[in-house]
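One structure is given here, and the rest of the page talks about it.
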Amino acid sequence: MAVLAGNIGTSVRLADALTGNVDTDTAYVGSRSTSQQGALVITSAIGATPTVTVNIRGSIDGVNFVNIPYSAENTFSATWVVTALTITTAKTGFYALQPGMNWRYVKLVLSANTNVTLTVDFLP
(Lines give C-alpha, C1' and ligand atoms only; values in the text may rest on other atoms or scores of the structure.)
Protein backbone atom coordinates (compact mmCIF):
# COMPACT_ATOMS: atom_id res chain seq x y z
CA MET A 1 0.00 0.00 0.00
CA ALA A 2 1.02 3.62 -0.49
CA VAL A 3 2.43 6.09 2.02
CA LEU A 4 0.22 9.16 1.96
CA ALA A 5 1.67 12.48 3.07
CA GLY A 6 -0.90 14.20 5.20
CA ASN A 7 -0.59 17.77 6.33
CA ILE A 8 -0.95 18.37 10.03
CA GLY A 9 -4.55 19.42 10.47
CA THR A 10 -5.88 17.59 7.37
CA SER A 11 -7.67 14.26 7.25
CA VAL A 12 -6.18 11.37 5.28
CA ARG A 13 -8.14 8.50 3.71
CA LEU A 14 -6.32 5.25 4.52
CA ALA A 15 -8.74 2.91 2.76
CA ASP A 16 -11.72 3.20 0.45
CA ALA A 17 -13.84 0.03 0.15
CA LEU A 18 -10.91 -2.20 1.18
CA THR A 19 -11.40 -5.97 1.42
CA GLY A 20 -9.13 -8.91 2.15
CA ASN A 21 -6.30 -9.58 4.57
CA VAL A 22 -4.17 -6.54 3.81
CA ASP A 23 -2.75 -3.34 5.24
CA THR A 24 -4.41 0.00 4.60
CA ASP A 25 -2.39 2.82 3.08
CA THR A 26 0.06 4.36 5.54
CA ALA A 27 -0.42 8.00 6.50
CA TYR A 28 2.54 10.18 7.39
CA VAL A 29 1.03 12.40 10.04
CA GLY A 30 4.17 14.05 11.44
CA SER A 31 5.31 13.99 15.03
CA ARG A 32 2.60 14.09 17.67
CA SER A 33 3.00 16.51 20.57
CA THR A 34 1.59 15.94 24.02
CA SER A 35 -1.43 18.06 23.13
CA GLN A 36 -2.11 16.48 19.73
CA GLN A 37 -4.42 13.54 19.31
CA GLY A 38 -5.67 11.83 16.21
CA ALA A 39 -8.75 9.77 15.60
CA LEU A 40 -9.80 7.09 13.16
CA VAL A 41 -13.21 6.77 11.56
CA ILE A 42 -13.79 3.19 10.44
CA THR A 43 -16.89 2.46 8.38
CA SER A 44 -17.74 -1.18 7.67
CA ALA A 45 -20.02 -2.75 5.10
CA ILE A 46 -20.77 -6.45 5.47
CA GLY A 47 -21.87 -9.56 3.63
CA ALA A 48 -22.86 -12.99 4.94
CA THR A 49 -21.12 -14.24 8.13
CA PRO A 50 -18.93 -11.12 8.45
CA THR A 51 -15.84 -10.75 10.60
CA VAL A 52 -12.52 -8.93 10.42
CA THR A 53 -9.70 -8.39 12.89
CA VAL A 54 -8.15 -4.92 12.76
CA ASN A 55 -4.91 -3.81 14.42
CA ILE A 56 -4.23 -0.06 14.68
CA ARG A 57 -0.50 0.32 14.10
CA GLY A 58 1.91 3.22 14.40
CA SER A 59 5.57 3.73 13.56
CA ILE A 60 8.34 6.24 14.13
CA ASP A 61 10.30 5.30 11.00
CA GLY A 62 7.59 4.02 8.63
CA VAL A 63 9.14 0.52 8.65
CA ASN A 64 8.69 -0.95 12.13
CA PHE A 65 5.04 -0.83 13.24
CA VAL A 66 3.50 -1.66 16.62
CA ASN A 67 -0.04 -1.47 17.97
CA ILE A 68 -0.71 2.01 19.33
CA PRO A 69 -3.09 2.97 22.16
CA TYR A 70 -6.65 4.01 21.30
CA SER A 71 -9.77 4.60 23.34
CA ALA A 72 -12.72 2.27 23.22
CA GLU A 73 -15.10 2.84 20.33
CA ASN A 74 -17.16 6.02 20.50
CA THR A 75 -16.27 6.69 24.17
CA PHE A 76 -13.16 8.90 23.93
CA SER A 77 -12.44 7.89 27.51
CA ALA A 78 -9.15 7.93 29.35
CA THR A 79 -8.90 4.14 29.08
CA TRP A 80 -6.34 3.22 26.41
CA VAL A 81 -5.93 -0.23 24.87
CA VAL A 82 -3.74 -1.76 22.15
CA THR A 83 -5.81 -4.88 21.49
CA ALA A 84 -7.13 -5.76 18.05
CA LEU A 85 -10.64 -4.73 17.04
CA THR A 86 -13.09 -7.37 15.86
CA ILE A 87 -15.74 -5.97 13.53
CA THR A 88 -18.79 -8.13 12.76
CA THR A 89 -21.49 -5.56 11.91
CA ALA A 90 -22.09 -2.69 9.51
CA LYS A 91 -21.31 0.50 11.44
CA THR A 92 -19.22 3.62 11.70
CA GLY A 93 -16.86 3.64 14.67
CA PHE A 94 -14.75 6.48 16.03
CA TYR A 95 -11.48 5.65 17.76
CA ALA A 96 -9.41 8.31 19.55
CA LEU A 97 -5.65 7.75 19.43
CA GLN A 98 -3.72 8.46 22.61
CA PRO A 99 -2.04 11.88 22.55
CA GLY A 100 1.63 12.34 23.32
CA MET A 101 2.75 9.12 21.63
CA ASN A 102 5.86 9.38 19.47
CA TRP A 103 4.60 7.94 16.19
CA ARG A 104 4.77 9.60 12.78
CA TYR A 105 3.01 6.99 10.63
CA VAL A 106 -0.29 5.19 11.10
CA LYS A 107 -2.01 2.32 9.29
CA LEU A 108 -4.43 -0.53 9.96
CA VAL A 109 -3.70 -4.21 9.43
CA LEU A 110 -6.68 -6.40 8.46
CA SER A 111 -6.70 -10.15 9.04
CA ALA A 112 -9.21 -13.02 9.26
CA ASN A 113 -11.43 -10.99 6.92
CA THR A 114 -14.61 -12.67 5.78
CA ASN A 115 -17.07 -10.48 3.87
CA VAL A 116 -16.18 -7.13 5.45
CA THR A 117 -15.34 -4.00 3.45
CA LEU A 118 -13.75 -1.04 5.26
CA THR A 119 -13.36 2.65 4.60
CA VAL A 120 -10.92 4.33 6.98
CA ASP A 121 -10.07 7.98 7.59
CA PHE A 122 -7.40 9.43 9.89
CA LEU A 123 -8.52 12.72 11.47
CA PRO A 124 -5.90 14.97 13.07
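By convention in this document, the chains of the C-alpha coordinates carry letters A, B, ... by their order, each chain's residues are numbered from 1, and ligands are numbered from 1 in the order they are shown.
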
Fewer than 5 positions away in the same chain doesn't count, so skip those; otherwise give me all residues within 9 Å of Val81 in chain A, counting only C-alpha atoms, as a PyMOL selection string. chain A and resi 68-72

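For Thr49 in chain A, the list of residues within 9 Å, based on only C-alpha atoms and with local chain neighbours fewer than 3 positions off taken out, reads Ile46, Thr88, Thr114 and Asn115 of chain A.
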
Atom pair CA of Asp16 in chain A / CA of Gly38 in chain A: separation (Å) =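 Calculated distance between CA of Asp16 in chain A and CA of Gly38 in chain A is 19.0 Å.
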
- CA of Leu14 in chain A and CA of Leu40 in chain A, how far apart in Å?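 CA of Leu40 in chain A sits 9.5 Å away from CA of Leu14 in chain A.
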
Could you give me, as a tab-separated table, every range 37-107 of chain A residue with an atom at most 10 Å from range 17-20 of chain A, plus its closest atom pair and distance in Å to one decimal, counting only C-alpha atoms, rows ordered by chain then number?
```
residue	atom	partner	partner_atom	distance
A:Thr43	CA	A:Ala17	CA	9.1
A:Ser44	CA	A:Ala17	CA	8.6
A:Ala45	CA	A:Ala17	CA	8.4
A:Val52	CA	A:Gly20	CA	8.9
```

Give the answer as one residue: which of A:Ser11, A:Asn64, A:Pro50, A:Ala27 has the shortest atom-to-atom distance to Thr117 in chain A, using only C-alpha atoms?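 Once distances to Thr117 in chain A are computed over only C-alpha atoms, the minimum belongs to A:Pro50.
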
Write out as a VMD selection string each polymer residue whose atoms come within 9 Å of Leu85 in chain A, counting only C-alpha atoms; drop sequence neighbours fewer than 5 positions from it.
chain A and resid 52 to 56

With distances taken over only C-alpha atoms, the candidate from A:Ser59, A:Thr26, A:Thr79, A:Thr119 nearest Thr92 in chain A is A:Thr119

_Just checking: using only C-alpha atoms, which residue out of A:Val106, A:Val41, A:Ala112, A:Ala90 ends up closest to Phe65 in chain A?_
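Closest to Phe65 in chain A of all the choices is A:Val106.
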
If I take CA of Trp103 in chain A and CA of Ala78 in chain A, how far is one from the other in Å, to one decimal?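 The value is 19.0 Å.
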
Shortest contact to Asn102 in chain A, candidates A:Thr86, A:Thr24, A:Thr10, A:Gln37, atoms counted only C-alpha atoms, goes to A:Gln37

Among A:Trp80, A:Asp25, A:Ala39, A:Gly62, Leu108 in chain A is approached most closely, using only C-alpha atoms, by A:Asp25

DSSP-assigned strand (DSSP E or B) members of range 21-92 of chain A, reported as a PyMOL selection string
chain A and resi 23+26-28+39-59+66-67+70-71+80-81+85-87+91-92
